[in-house]
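Undergrad: One file: model35.cif (mmCIF, C-alpha atoms).
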data_start
#
loop_
_atom_site.label_atom_id
_atom_site.label_comp_id
_atom_site.auth_asym_id
_atom_site.auth_seq_id
_atom_site.Cartn_x
_atom_site.Cartn_y
_atom_site.Cartn_z
CA MET H 29 0.00 0.00 0.00
CA THR H 30 1.38 3.46 -0.98
CA ARG H 31 2.03 5.64 2.06
CA PRO H 32 1.67 9.45 2.04
CA GLN H 33 4.66 11.62 2.94
CA ASP H 34 3.70 11.57 6.63
CA GLY H 35 4.22 7.78 6.66
CA ARG H 36 0.57 6.86 7.25
CA SER H 37 -1.33 4.23 5.24
CA GLY H 38 -4.08 5.25 2.81
CA VAL H 39 -6.79 4.22 5.28
CA GLU H 40 -5.07 6.12 8.06
CA ALA H 41 -4.77 9.17 5.86
CA THR H 42 -8.42 8.96 4.87
CA TYR H 43 -9.86 7.96 8.24
CA GLY H 44 -7.01 9.13 10.49
CA PRO H 45 -8.98 11.04 13.09
CA LEU H 46 -11.81 8.54 12.94
CA LEU H 47 -9.67 5.45 13.47
CA THR H 48 -8.59 6.76 16.85
CA PRO H 49 -10.86 5.30 19.56
CA ALA H 50 -13.73 7.61 20.37
CA ARG H 51 -14.26 8.86 23.88
CA PRO H 52 -16.81 7.03 25.97
CA GLY H 53 -20.21 8.54 25.81
CA GLY H 54 -23.07 8.37 28.24
CA THR H 55 -24.03 4.77 27.42
CA SER H 56 -24.16 2.10 30.10
CA GLY H 57 -23.17 -1.55 29.98
CA ARG H 58 -19.79 -2.88 28.89
CA PRO H 59 -20.84 -4.24 25.46
CA VAL H 60 -22.48 -0.97 24.41
CA GLN H 61 -19.49 0.98 25.66
CA LEU H 62 -17.14 -1.16 23.59
CA TRP H 63 -19.11 -0.61 20.39
CA ALA H 64 -19.37 3.12 21.15
CA LEU H 65 -15.58 3.34 21.38
CA LEU H 66 -15.08 1.94 17.89
CA PRO H 67 -14.90 4.29 14.87
CA ARG H 68 -18.05 4.05 12.76
CA GLU H 69 -16.08 3.88 9.51
CA LEU H 70 -14.73 0.43 10.48
CA ALA H 71 -17.98 -0.97 9.11
CA THR H 72 -16.92 0.22 5.67
CA VAL H 73 -13.46 -1.30 6.12
CA PHE H 74 -14.72 -4.72 7.15
CA ARG H 75 -17.88 -5.08 5.06
CA PRO H 76 -16.10 -6.52 1.98
CA VAL H 77 -14.02 -8.81 4.18
CA LEU H 78 -17.00 -10.27 6.05
CA ALA H 79 -19.06 -10.82 2.92
CA ASP H 80 -17.59 -14.31 2.41
CA VAL H 81 -16.66 -15.21 5.98
CA ALA H 82 -20.06 -16.78 6.77
CA GLY H 83 -19.34 -19.79 4.56
CA GLU H 84 -15.90 -20.24 6.11
CA VAL H 85 -17.42 -20.14 9.62
CA VAL H 86 -20.02 -22.77 8.74
CA ARG H 87 -17.37 -25.06 7.20
CA GLU H 88 -15.11 -24.70 10.24
CA ILE H 89 -18.00 -25.45 12.59
CA GLN H 90 -18.76 -28.62 10.64
CA ARG H 91 -15.10 -29.62 10.61
CA THR H 92 -14.45 -29.18 14.33
CA ILE H 93 -17.78 -30.05 15.98
CA PRO H 94 -18.95 -33.66 15.37
CA ASP H 95 -22.62 -32.90 16.13
CA TYR H 96 -22.71 -30.53 13.15
CA ALA H 97 -20.70 -32.70 10.76
CA ARG H 98 -23.65 -33.57 8.53
CA PRO H 99 -25.39 -32.14 5.47
CA LEU H 100 -26.91 -28.77 6.22
CA ASP H 101 -30.35 -29.38 4.79
CA GLY H 102 -33.76 -28.97 6.32
CA ALA H 103 -34.64 -26.67 9.20
CA PHE H 104 -31.38 -27.34 11.05
CA GLY H 105 -29.12 -26.24 8.17
CA LYS H 106 -31.29 -23.26 7.35
CA SER H 107 -31.24 -22.06 10.94
CA LEU H 108 -27.47 -22.42 11.27
CA LYS H 109 -26.76 -20.54 8.05
CA THR H 110 -29.31 -17.85 8.89
CA GLY H 111 -27.80 -17.48 12.35
CA VAL H 112 -24.27 -17.00 11.03
CA GLN H 113 -25.39 -14.49 8.38
CA MET H 114 -27.48 -12.59 10.89
CA ALA H 115 -24.54 -12.49 13.29
CA PHE H 116 -22.33 -10.79 10.70
CA LEU H 117 -25.06 -8.39 9.59
CA GLN H 118 -25.67 -7.29 13.14
CA PHE H 119 -21.94 -7.13 13.77
CA LEU H 120 -21.55 -4.52 11.06
CA GLU H 121 -24.68 -2.67 12.18
CA ARG H 122 -23.34 -2.54 15.71
CA ILE H 123 -20.19 -0.80 14.53
CA GLY H 124 -22.26 1.78 12.68
CA ASN H 125 -24.78 2.17 15.51
CA PRO H 126 -24.08 0.53 18.88
CA GLU H 127 -27.71 0.88 19.95
CA ALA H 128 -29.29 -0.38 16.72
CA PRO H 129 -32.57 -2.30 17.21
CA SER H 130 -31.82 -5.98 17.73
CA GLU H 131 -35.18 -7.71 18.07
CA ASP H 132 -34.69 -9.72 14.88
CA ARG H 133 -31.29 -10.85 16.09
CA ARG H 134 -32.74 -11.76 19.45
CA ASN H 135 -35.44 -13.92 17.85
CA VAL H 136 -32.96 -15.71 15.58
CA PHE H 137 -30.61 -16.70 18.38
CA LEU H 138 -33.37 -17.57 20.81
CA SER H 139 -34.69 -19.85 18.06
CA LEU H 140 -31.30 -21.52 17.66
CA GLY H 141 -31.37 -22.44 21.34
CA VAL H 142 -34.91 -23.82 20.98
CA GLN H 143 -33.90 -25.95 17.99
CA GLU H 144 -30.86 -27.29 19.82
CA PHE H 145 -33.17 -28.52 22.56
CA HIS H 146 -35.49 -30.21 20.07
CA GLN H 147 -32.46 -31.82 18.39
CA GLY H 148 -31.74 -33.43 21.75
CA ARG H 149 -28.47 -31.58 22.34
CA ASN H 150 -27.43 -29.58 25.36
CA VAL H 151 -26.47 -25.97 24.87
CA ASP H 152 -22.73 -26.65 25.24
CA VAL H 153 -22.55 -27.82 21.63
CA LEU H 154 -23.98 -24.57 20.32
CA GLN H 155 -21.71 -22.53 22.57
CA ALA H 156 -18.74 -24.37 21.11
CA ALA H 157 -19.97 -23.37 17.63
CA TYR H 158 -20.10 -19.74 18.75
CA ARG H 159 -16.50 -19.93 19.91
CA VAL H 160 -15.45 -21.37 16.56
CA GLY H 161 -17.29 -18.54 14.78
CA ALA H 162 -15.63 -15.92 16.97
CA ARG H 163 -12.17 -17.36 16.33
CA VAL H 164 -12.58 -17.46 12.54
CA THR H 165 -14.13 -13.99 12.44
CA TRP H 166 -11.42 -12.43 14.58
CA ARG H 167 -8.68 -14.01 12.45
CA ARG H 168 -10.13 -12.51 9.25
CA VAL H 169 -10.98 -9.15 10.81
CA ALA H 170 -7.55 -8.78 12.43
CA ASP H 171 -5.82 -9.58 9.16
CA ALA H 172 -7.95 -7.07 7.24
CA GLY H 173 -7.47 -4.44 9.94
CA ARG H 174 -3.70 -4.75 9.87
CA ARG H 175 -3.67 -4.47 6.07
CA ALA H 176 -5.86 -1.38 6.30
CA GLY H 177 -3.60 0.21 8.91
CA VAL H 178 -6.10 0.15 11.75
CA PRO H 179 -4.24 1.05 14.98
CA SER H 180 -3.42 -1.80 17.34
CA ALA H 181 -5.37 -0.15 20.15
CA THR H 182 -8.46 -0.09 17.98
CA LEU H 183 -8.00 -3.76 17.00
CA CYS H 184 -7.72 -4.67 20.68
CA LEU H 185 -11.00 -2.92 21.37
CA LEU H 186 -12.53 -4.67 18.38
CA ALA H 187 -11.40 -8.07 19.64
CA GLU H 188 -13.00 -7.42 23.02
CA ALA H 189 -16.18 -6.21 21.30
CA ILE H 190 -16.35 -9.33 19.11
CA PHE H 191 -16.07 -11.71 22.04
CA ALA H 192 -18.52 -9.69 24.14
CA TYR H 193 -20.90 -9.84 21.15
CA ILE H 194 -20.50 -13.62 20.92
CA ASP H 195 -21.27 -13.87 24.63
CA GLU H 196 -24.51 -11.96 24.01
CA LEU H 197 -25.53 -14.31 21.19
CA SER H 198 -24.64 -17.35 23.28
CA ALA H 199 -26.66 -16.02 26.22
CA LEU H 200 -29.70 -15.59 23.95
CA SER H 201 -29.43 -19.20 22.78
CA VAL H 202 -29.01 -20.42 26.36
CA GLU H 203 -32.19 -18.52 27.21
CA GLY H 204 -34.05 -20.06 24.27
CA HIS H 205 -32.81 -23.54 25.20
CA ALA H 206 -33.93 -23.05 28.83
CA GLU H 207 -37.36 -21.75 27.79
CA ALA H 208 -37.86 -24.72 25.46
CA ARG H 209 -36.78 -27.11 28.20
CA GLU H 210 -39.17 -25.54 30.71
CA LYS H 211 -42.00 -25.57 28.20
CA ALA H 212 -41.37 -29.22 27.37
CA ALA H 213 -41.16 -30.08 31.06
CA GLY H 214 -44.48 -28.35 31.66
CA ALA H 215 -46.12 -30.21 28.78
CA LEU H 216 -44.64 -33.50 29.96
CA GLU H 217 -45.82 -32.85 33.49
CA ARG H 218 -49.36 -32.22 32.23
CA ARG H 219 -49.29 -35.42 30.18
CA ARG H 220 -48.07 -37.44 33.15
CA HIS H 221 -50.76 -35.93 35.33
CA ARG H 222 -53.31 -36.96 32.71
CA LEU H 223 -51.87 -40.49 32.62
CA MET H 224 -52.11 -40.69 36.40
CA GLU H 225 -55.75 -39.64 36.26
CA LEU H 226 -56.48 -42.38 33.71
CA LEU H 227 -54.70 -45.04 35.76
CA LEU H 228 -56.56 -44.08 38.94
CA ALA H 229 -59.97 -43.89 37.28
CA ASP H 230 -62.70 -46.15 38.63
CA PRO H 231 -63.91 -48.03 36.67
CA PRO H 232 -60.57 -48.57 34.88
CA SER H 233 -59.88 -46.56 31.71
CA PRO H 234 -59.78 -48.34 28.33
CA PRO H 235 -56.34 -49.99 27.86
CA GLU H 236 -55.73 -48.34 24.49
CA LEU H 237 -56.41 -44.90 25.93
CA VAL H 238 -53.95 -45.57 28.78
CA LYS H 239 -51.30 -46.89 26.36
CA ASN H 240 -51.55 -43.78 24.14
CA ALA H 241 -51.37 -41.50 27.18
CA ALA H 242 -48.30 -43.37 28.46
CA ASP H 243 -46.56 -42.97 25.10
CA LEU H 244 -47.26 -39.21 25.10
CA ALA H 245 -46.05 -38.96 28.70
CA ARG H 246 -42.88 -40.94 27.90
CA TRP H 247 -43.60 -43.28 30.81
CA GLN H 248 -43.14 -47.01 30.34
CA LEU H 249 -46.13 -48.90 31.70
CA PRO H 250 -44.76 -51.68 33.96
CA ASP H 251 -46.23 -55.16 34.18
CA LEU H 252 -46.90 -54.47 37.86
CA LEU H 253 -47.01 -51.16 39.70
CA VAL H 254 -47.57 -50.02 43.25
CA ALA H 255 -49.35 -46.96 44.57
CA VAL H 256 -47.70 -45.12 47.43
CA ALA H 257 -49.82 -42.98 49.75
CA LEU H 258 -47.83 -40.23 51.49
CA ASP H 259 -48.29 -38.30 54.71
CA GLN H 260 -46.28 -36.01 57.00
CA PRO H 261 -44.69 -34.22 54.05
CA SER H 262 -41.02 -33.38 54.01
CA ASP H 263 -39.58 -30.21 52.50
CA GLU H 264 -37.97 -32.37 49.83
CA VAL H 265 -39.49 -34.52 47.11
CA PRO H 266 -38.62 -38.17 47.84
CA ALA H 267 -36.04 -39.82 45.61
CA ALA H 268 -38.66 -42.40 44.57
CA ALA H 269 -40.54 -39.65 42.71
CA SER H 270 -37.83 -39.47 40.03
CA ASN H 271 -39.24 -42.59 38.34
CA ALA H 272 -42.86 -42.11 39.33
CA LEU H 273 -46.09 -40.52 38.33
CA ALA H 274 -46.54 -38.09 41.20
CA ASP H 275 -49.23 -35.92 42.75
CA PHE H 276 -47.95 -33.57 45.45
CA GLU H 277 -50.62 -30.92 44.93
CA SER H 278 -53.60 -32.69 46.48
CA THR H 279 -54.28 -33.02 50.20
CA SER H 280 -53.49 -36.75 49.86
CA PRO H 281 -50.21 -36.90 47.88
CA CYS H 282 -49.34 -40.14 46.17
CA LEU H 283 -47.03 -41.87 43.70
CA LEU H 284 -47.45 -44.57 41.06
CA LEU H 285 -44.31 -46.44 40.07
CA PRO H 286 -43.04 -49.88 39.03
CA ALA H 287 -43.33 -52.51 41.73
CA PRO H 288 -39.96 -53.21 43.35
CA GLU H 289 -38.41 -56.66 43.31
CA PRO H 290 -38.55 -58.40 46.72
CA ASP H 291 -34.82 -57.86 47.30
CA LYS H 292 -35.18 -54.12 46.57
CA ARG H 293 -37.70 -53.36 49.32
CA GLU H 294 -35.14 -51.80 51.64
CA GLN H 295 -33.81 -49.46 48.97
CA PHE H 296 -37.36 -48.62 47.91
CA ALA H 297 -38.19 -47.62 51.48
CA GLU H 298 -35.02 -45.52 51.73
CA ASP H 299 -36.10 -43.62 48.60
CA LEU H 300 -39.19 -42.48 50.54
CA ALA H 301 -37.14 -41.05 53.41
CA GLY H 302 -38.63 -37.98 55.06
CA TRP H 303 -42.24 -39.07 54.49
CA ARG H 304 -44.59 -41.45 56.25
CA ALA H 305 -45.67 -43.78 53.47
CA ALA H 306 -47.86 -46.78 52.82
CA ILE H 307 -47.15 -48.95 49.79
CA GLY H 308 -50.12 -50.64 48.17
CA PRO H 309 -50.12 -54.16 46.74
CA ALA H 310 -48.39 -54.76 43.40
CA VAL H 311 -51.07 -54.85 40.70
CA PRO H 312 -51.38 -54.58 36.90
CA PRO H 313 -51.74 -50.93 35.80
CA ALA H 314 -55.49 -51.36 35.27
CA PHE H 315 -55.90 -51.87 39.04
CA ALA H 316 -53.78 -48.93 40.21
CA ALA H 317 -56.80 -47.35 41.93
CA ARG H 318 -57.22 -50.45 44.11
CA SER H 319 -53.59 -50.36 45.16
CA LEU H 320 -53.93 -46.71 46.12
CA ARG H 321 -57.12 -47.35 48.13
CA ALA H 322 -55.32 -50.04 50.10
CA ALA H 323 -52.32 -47.76 50.69
CA ARG H 324 -54.52 -44.92 51.93
CA GLU H 325 -56.43 -47.31 54.17
CA ALA H 326 -53.12 -48.47 55.64
CA LEU H 327 -52.16 -44.87 56.39
CA ARG H 328 -55.53 -44.34 58.08
CA LEU H 329 -55.00 -47.39 60.26
CA VAL H 330 -51.51 -46.23 61.19
CA GLU H 331 -52.95 -42.89 62.28
CA SER H 332 -55.74 -44.55 64.30
CA GLY H 333 -53.46 -47.10 65.93
CA GLY H 334 -54.81 -50.08 63.99
CA LEU H 335 -51.35 -50.69 62.51
CA ALA H 336 -47.93 -50.07 63.98
CA ASP H 337 -46.59 -46.54 63.40
CA GLU H 338 -43.64 -47.06 61.08
CA PRO H 339 -42.09 -44.73 58.47
CA VAL H 340 -43.03 -47.16 55.68
CA THR H 341 -45.95 -49.61 55.82
CA TRP H 342 -46.15 -52.39 53.24
CA CYS H 343 -49.76 -53.40 52.65
CA VAL H 344 -48.63 -56.86 51.54
CA ASP H 345 -47.47 -57.48 55.12
CA HIS H 346 -50.92 -56.67 56.55
CA LEU H 347 -53.42 -57.95 53.98
CA SER H 348 -55.67 -59.85 56.38
CA ARG H 349 -55.71 -56.96 58.87
CA LEU H 350 -56.51 -54.45 56.13
CA TRP H 351 -59.27 -56.68 54.86
CA LEU H 352 -60.78 -57.14 58.30
CA LEU H 353 -60.50 -53.51 59.40
CA LYS H 354 -61.96 -52.19 56.17
CA GLU H 355 -65.38 -52.75 57.78
CA PRO H 356 -64.85 -51.71 61.44
CA PHE H 357 -68.37 -52.70 62.52
CA LEU H 358 -68.09 -56.26 61.22
CA ALA H 359 -64.58 -56.60 62.67
CA THR H 360 -65.85 -55.46 66.07
CA GLU H 361 -68.73 -57.95 65.91
CA LEU H 362 -66.35 -60.76 64.99
CA VAL H 363 -64.13 -59.93 67.98
CA ARG H 364 -67.14 -59.72 70.31
CA GLU H 365 -68.63 -63.01 69.13
CA ARG H 366 -65.50 -65.16 68.89
CA LEU H 367 -63.37 -63.69 71.69
CA GLY H 368 -66.16 -63.03 74.16
CA PRO H 369 -64.75 -65.46 76.78
CA LEU H 370 -61.66 -63.23 77.12
CA ALA H 371 -63.69 -60.05 77.79
CA ALA H 372 -64.04 -60.66 81.52
CA LEU H 373 -60.29 -61.00 82.09
CA THR H 374 -58.05 -58.26 83.44
CA GLY H 375 -55.85 -56.43 81.00
CA LYS H 376 -52.73 -58.45 81.80
CA GLN H 377 -54.60 -61.77 81.72
CA HIS H 378 -56.31 -60.82 78.48
CA SER H 379 -53.04 -59.95 76.76
CA ARG H 380 -51.32 -63.14 78.01
CA LEU H 381 -54.07 -65.53 76.96
CA ALA H 382 -54.89 -63.76 73.68
CA GLY H 383 -51.23 -64.05 72.58
CA THR H 384 -51.15 -67.70 73.61
CA LEU H 385 -54.44 -68.43 71.84
CA LEU H 386 -53.20 -66.96 68.54
CA ALA H 387 -49.93 -68.89 68.70
CA TRP H 388 -51.82 -72.09 69.68
CA LEU H 389 -54.24 -71.78 66.77
CA GLU H 390 -51.58 -70.89 64.21
CA THR H 391 -49.33 -73.80 65.22
CA CYS H 392 -52.19 -76.31 65.52
CA GLY H 393 -51.45 -76.75 69.22
CA ASN H 394 -47.73 -77.54 68.91
CA VAL H 395 -46.59 -76.89 72.51
CA ARG H 396 -42.87 -76.62 71.76
CA GLU H 397 -43.40 -74.22 68.84
CA VAL H 398 -45.75 -72.05 70.91
CA ALA H 399 -43.19 -71.96 73.72
CA GLU H 400 -40.45 -70.84 71.33
CA ARG H 401 -42.67 -68.20 69.78
CA LEU H 402 -43.69 -66.76 73.16
CA ALA H 403 -40.29 -67.36 74.81
CA VAL H 404 -41.84 -69.28 77.75
CA HIS H 405 -41.43 -72.77 79.20
CA PRO H 406 -43.49 -75.55 77.53
CA GLN H 407 -45.14 -76.26 80.89
CA THR H 408 -46.36 -72.66 80.95
CA VAL H 409 -47.91 -73.23 77.53
CA ARG H 410 -49.70 -76.37 78.76
CA SER H 411 -51.05 -74.48 81.77
CA ARG H 412 -52.38 -71.66 79.60
CA ALA H 413 -53.86 -74.16 77.15
CA GLN H 414 -55.88 -75.64 79.98
CA GLU H 415 -57.22 -72.16 80.79
CA LEU H 416 -58.18 -71.66 77.15
CA GLU H 417 -59.90 -75.06 77.03
CA ALA H 418 -61.97 -74.02 80.03
CA LEU H 419 -62.91 -70.69 78.43
CA PHE H 420 -63.67 -71.84 74.87
CA SER H 421 -64.56 -75.49 75.34
CA ASP H 422 -65.32 -77.24 72.04
CA GLY H 423 -64.74 -74.06 70.03
CA LEU H 424 -61.03 -74.79 69.90
CA ARG H 425 -61.70 -77.98 67.92
CA ASP H 426 -64.19 -76.61 65.38
CA PRO H 427 -62.31 -75.71 62.14
CA GLU H 428 -64.57 -72.78 61.21
CA ARG H 429 -64.49 -71.38 64.75
CA ARG H 430 -60.69 -71.73 64.85
CA PHE H 431 -60.38 -69.78 61.58
CA GLU H 432 -62.71 -67.04 62.80
CA MET H 433 -60.81 -66.80 66.10
CA ILE H 434 -57.57 -66.22 64.20
CA LEU H 435 -59.25 -63.46 62.19
CA ALA H 436 -60.72 -61.94 65.34
CA LEU H 437 -57.36 -61.97 67.11
CA ARG H 438 -55.80 -60.27 64.07
CA ALA H 439 -58.54 -57.66 64.00
CA ALA H 440 -58.55 -56.98 67.76
CA PRO H 441 -56.74 -53.85 68.97
CA SER H 442 -53.19 -54.63 70.11
#
Now, as a test, write the supplied structure out as structure tokens.
TA:
Amino acid sequence: MTRPQDGRSGVEATYGPLLTPARPGGTSGRPVQLWALLPRELATVFRPVLADVAGEVVREIQRTIPDYARPLDGAFGKSLKTGVQMAFLQFLERIGNPEAPSEDRRNVFLSLGVQEFHQGRNVDVLQAAYRVGARVTWRRVADAGRRAGVPSATLCLLAEAIFAYIDELSALSVEGHAEAREKAAGALERRRHRLMELLLADPPSPPELVKNAADLARWQLPDLLVAVALDQPSDEVPAAASNALADFESTSPCLLLPAPEPDKREQFAEDLAGWRAAIGPAVPPAFAARSLRAAREALRLVESGGLADEPVTWCVDHLSRLWLLKEPFLATELVRERLGPLAALTGKQHSRLAGTLLAWLETCGNVREVAERLAVHPQTVRSRAQELEALFSDGLRDPERRFEMILALRAAPS
């Protein structure tokens, strides 16, 4: 390039005063301040250079980022190319007017974040593409600036402005990605709530309707599931909810999730830590409502003292008691009719003979086994058996009466 007599390049001679960084104005925010410091005429210097950089950026992105190493056709390719072109257009507009309207740019880069989410990628991949674009752009701009005689101080400001600009674009895409993720999560939550409603319907919902709802909710219907009724809420959602259909909004929160294998019961209970819970019987999905009814009944019995107060109650361990206590009046009548001879005893006598009677009936009168179960001497068992014979007479030998006595002893308050 021919230099004038004062030793300056042609660009410096033409734009000399303008290529010196401008003084900061009254704008606020570091990115706007950076653009305001740059001479406006730089847009004219770099416009021809940037005209063909978009293609180079796209090729470099495809070369260095495996997720983008595929034909750029369809909506994905169109969005990427549009995004790169829009970035350069706005880059030049920013130099000419730091506060130029940017709504179109905002929409484009928000949209890129949304599309990344729908492509199943996290936002890190797109941010890597932005870094590639910034590197290629700065390399071409710096080279053109040096050839044009742009002062080093101005190029340094330009570099900072470019990378601040890329940070802005990246932040927009992160925002779009987050909004898409939240929207999808909301839609998925609504679909799972709908699936839960269908599973808990009584009478059961049509199988095809449930299957379609499960597909939309992205929830694999298990062969067997359990309902979990919850009480005494914790501040934290239980770990078990991560794989469950959950309702924490109602006054009776509950979960539906695949039935655990027998050897996983302990871990399953640990995943409910912080809550009092009752776990219903394992049932096919069509009978989820029945499992939940049993679980809620178990919680009710725990609260009333009908079942032991434990953090986790497994209905399968108390089926006969749940069945009997479902109808309190009939259970009370059964106790009154079949255990009447014990009613006149003192509390201590009642407890001692009732425990012996249950063990005697369940072991078919095996003295040694009863003694081991009650941790007493066999002679003590024989003595108590004589008392029971005196109280119940022939009832101890009648099969139906024996069965009803066992039920009554199970149903009687502890």
Undergrad: Which residues match the PyMOL selection byres ((chain H and resi 154) around 9) in the file above, as JSON, numbers by chain?
TA: {"H": [140, 141, 144, 149, 150, 151, 152, 153, 155, 156, 157, 158, 159, 198, 201, 202]}
Undergrad: Using only C-alpha atoms, which residues sit within 12 Å of Ala215 in chain H once same-chain residues fewer than 6 positions away are excluded, as a list of chain:residue names?
TA: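 So the residues in contact are H:Ala208, H:Arg209, H:His221, H:Arg222, H:Leu244, H:Ala245, H:Arg246.
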Undergrad: Please enumerate the residues selected by the PyMOL selection byres ((chain H and resi 168) around 12) when evaluated against the supplied file, formatted as a list in words.
TA: Phe74, Arg75, Pro76, Val77, Leu78, Ala79, Asp80, Val81, Ala82, Glu84, Val85, Gly161, Ala162, Arg163, Val164, Thr165, Trp166, Arg167, Val169, Ala170, Asp171, Ala172, Gly173, Arg174, Arg175, Leu183 and Ala187 of chain H
Undergrad: Next, write the just-selected residues to a file, as a CSV table (one decimal), keeping the file's coordinate frame, keeping C-alpha atoms as the atom set.
TA:
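As written to disk, result07.csv reads:
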chain,number,residue,atom,x,y,z
H,74,PHE,CA,-14.7,-4.7,7.2
H,75,ARG,CA,-17.9,-5.1,5.1
H,76,PRO,CA,-16.1,-6.5,2.0
H,77,VAL,CA,-14.0,-8.8,4.2
H,78,LEU,CA,-17.0,-10.3,6.0
H,79,ALA,CA,-19.1,-10.8,2.9
H,80,ASP,CA,-17.6,-14.3,2.4
H,81,VAL,CA,-16.7,-15.2,6.0
H,82,ALA,CA,-20.1,-16.8,6.8
H,84,GLU,CA,-15.9,-20.2,6.1
H,85,VAL,CA,-17.4,-20.1,9.6
H,161,GLY,CA,-17.3,-18.5,14.8
H,162,ALA,CA,-15.6,-15.9,17.0
H,163,ARG,CA,-12.2,-17.4,16.3
H,164,VAL,CA,-12.6,-17.5,12.5
H,165,THR,CA,-14.1,-14.0,12.4
H,166,TRP,CA,-11.4,-12.4,14.6
H,167,ARG,CA,-8.7,-14.0,12.4
H,169,VAL,CA,-11.0,-9.2,10.8
H,170,ALA,CA,-7.6,-8.8,12.4
H,171,ASP,CA,-5.8,-9.6,9.2
H,172,ALA,CA,-8.0,-7.1,7.2
H,173,GLY,CA,-7.5,-4.4,9.9
H,174,ARG,CA,-3.7,-4.8,9.9
H,175,ARG,CA,-3.7,-4.5,6.1
H,183,LEU,CA,-8.0,-3.8,17.0
H,187,ALA,CA,-11.4,-8.1,19.6
Undergrad: Grab the CA of Ala64 in chain H to CA of Thr182 in chain H distance for me, in Å with one decimal place.
TA: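 So the answer is 11.8 Å.
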Undergrad: Within 12 Å of Leu300 in chain H, counting all atoms listed in the file, which residues qualify if same-chain residues fewer than 3 places away don't, as a ChimeraX atom specification?
TA: /H:256-262,264-270,272,282-283,293-297,303-307,339-341
Undergrad: For Thr92 in chain H, list every protein, DNA or RNA residue within 9 Å, evaluated using all atoms listed in the file, and leave out those in the same chain fewer than 5 positions away; present the list as number ranges by chain.
TA: H: 87, 97, 157, 160
Undergrad: Expand the PyMOL selection byres ((chain H and resi 237-242) around 8) into the explicit residue set it covers here, and present it as a PyMOL selection string.
TA: chain H and resi 219-220+222-223+226-227+233-236+243-249
Undergrad: Please save C-alpha atoms of the selected residues as a PDB file, in the frame of the given file.
TA:
ATOM      1  CA  ARG H 219     -49.290 -35.420  30.180  1.00  0.00           C
ATOM      2  CA  ARG H 220     -48.070 -37.440  33.150  1.00  0.00           C
ATOM      3  CA  ARG H 222     -53.310 -36.960  32.710  1.00  0.00           C
ATOM      4  CA  LEU H 223     -51.870 -40.490  32.620  1.00  0.00           C
ATOM      5  CA  LEU H 226     -56.480 -42.380  33.710  1.00  0.00           C
ATOM      6  CA  LEU H 227     -54.700 -45.040  35.760  1.00  0.00           C
ATOM      7  CA  SER H 233     -59.880 -46.560  31.710  1.00  0.00           C
ATOM      8  CA  PRO H 234     -59.780 -48.340  28.330  1.00  0.00           C
ATOM      9  CA  PRO H 235     -56.340 -49.990  27.860  1.00  0.00           C
ATOM     10  CA  GLU H 236     -55.730 -48.340  24.490  1.00  0.00           C
ATOM     11  CA  ASP H 243     -46.560 -42.970  25.100  1.00  0.00           C
ATOM     12  CA  LEU H 244     -47.260 -39.210  25.100  1.00  0.00           C
ATOM     13  CA  ALA H 245     -46.050 -38.960  28.700  1.00  0.00           C
ATOM     14  CA  ARG H 246     -42.880 -40.940  27.900  1.00  0.00           C
ATOM     15  CA  TRP H 247     -43.600 -43.280  30.810  1.00  0.00           C
ATOM     16  CA  GLN H 248     -43.140 -47.010  30.340  1.00  0.00           C
ATOM     17  CA  LEU H 249     -46.130 -48.900  31.700  1.00  0.00           C
TER      18      LEU H 249
END
Undergrad: Using only C-alpha atoms, pick whichever of H:Pro67, H:Gly308, H:Gly423, H:Gly111 has the shortest atom-to-atom distance to Gly368 in chain H.
TA: H:Gly423
Undergrad: Name all residues at most 12 Å from Pro427 in chain H (count only C-alpha atoms; drop same-chain ones fewer than 4 positions away) and give them as number ranges by chain.
TA: H: 389-390, 392, 422-423, 431-434
Undergrad: Compile the contact shell of Val86 in chain H as a ChimeraX atom specification: residues with an atom at most 8 Å away, counting all atoms listed in the file, same-chain residues fewer than 6 positions apart removed.
TA: /H:108-109,112,161
Undergrad: H:Arg134, H:Arg98, H:His405, H:Arg438: which is nearest Arg349 in chain H, counting only C-alpha atoms?
TA: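 Of H:Arg134, H:Arg98, H:His405, H:Arg438, the one nearest Arg349 in chain H is H:Arg438, counting only C-alpha atoms.
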Undergrad: Mind giving me the straight-line distance from CA of Leu273 in chain H to CA of Pro313 in chain H in Å, one decimal?
TA: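 Distance between the two atoms: 12.1 Å.
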Undergrad: Go through H:Ala326, H:Gly375, H:Ser107, H:Ala439 one by one, measure the shortest atom-to-atom distance of each to Glu338 in chain H using all atoms listed in the file, and give the residue with the smallest value.
TA: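 Comparing H:Ala326, H:Gly375, H:Ser107, H:Ala439 against Glu338 in chain H, the winner is H:Ala326.
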Undergrad: Determine, counting all atoms listed in the file, every residue of protein, DNA or RNA that lies within 12 Å of (-63.9, -66.1, 76.1) in the file coordinates, then give the result as a list in words.
TA: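 Final list of nearby residues, as requested, is Val363, Arg364, Glu365, Arg366, Leu367, Gly368, Pro369, Leu370, Ala371, Ala372, Leu373, Gln377, His378, Leu381, Ala382, Leu385, Glu415, Leu416, Glu417, Ala418, Leu419, Phe420, Ser421, Asp422, Gly423, Leu424, Met433, Ala436 and Leu437 of chain H.
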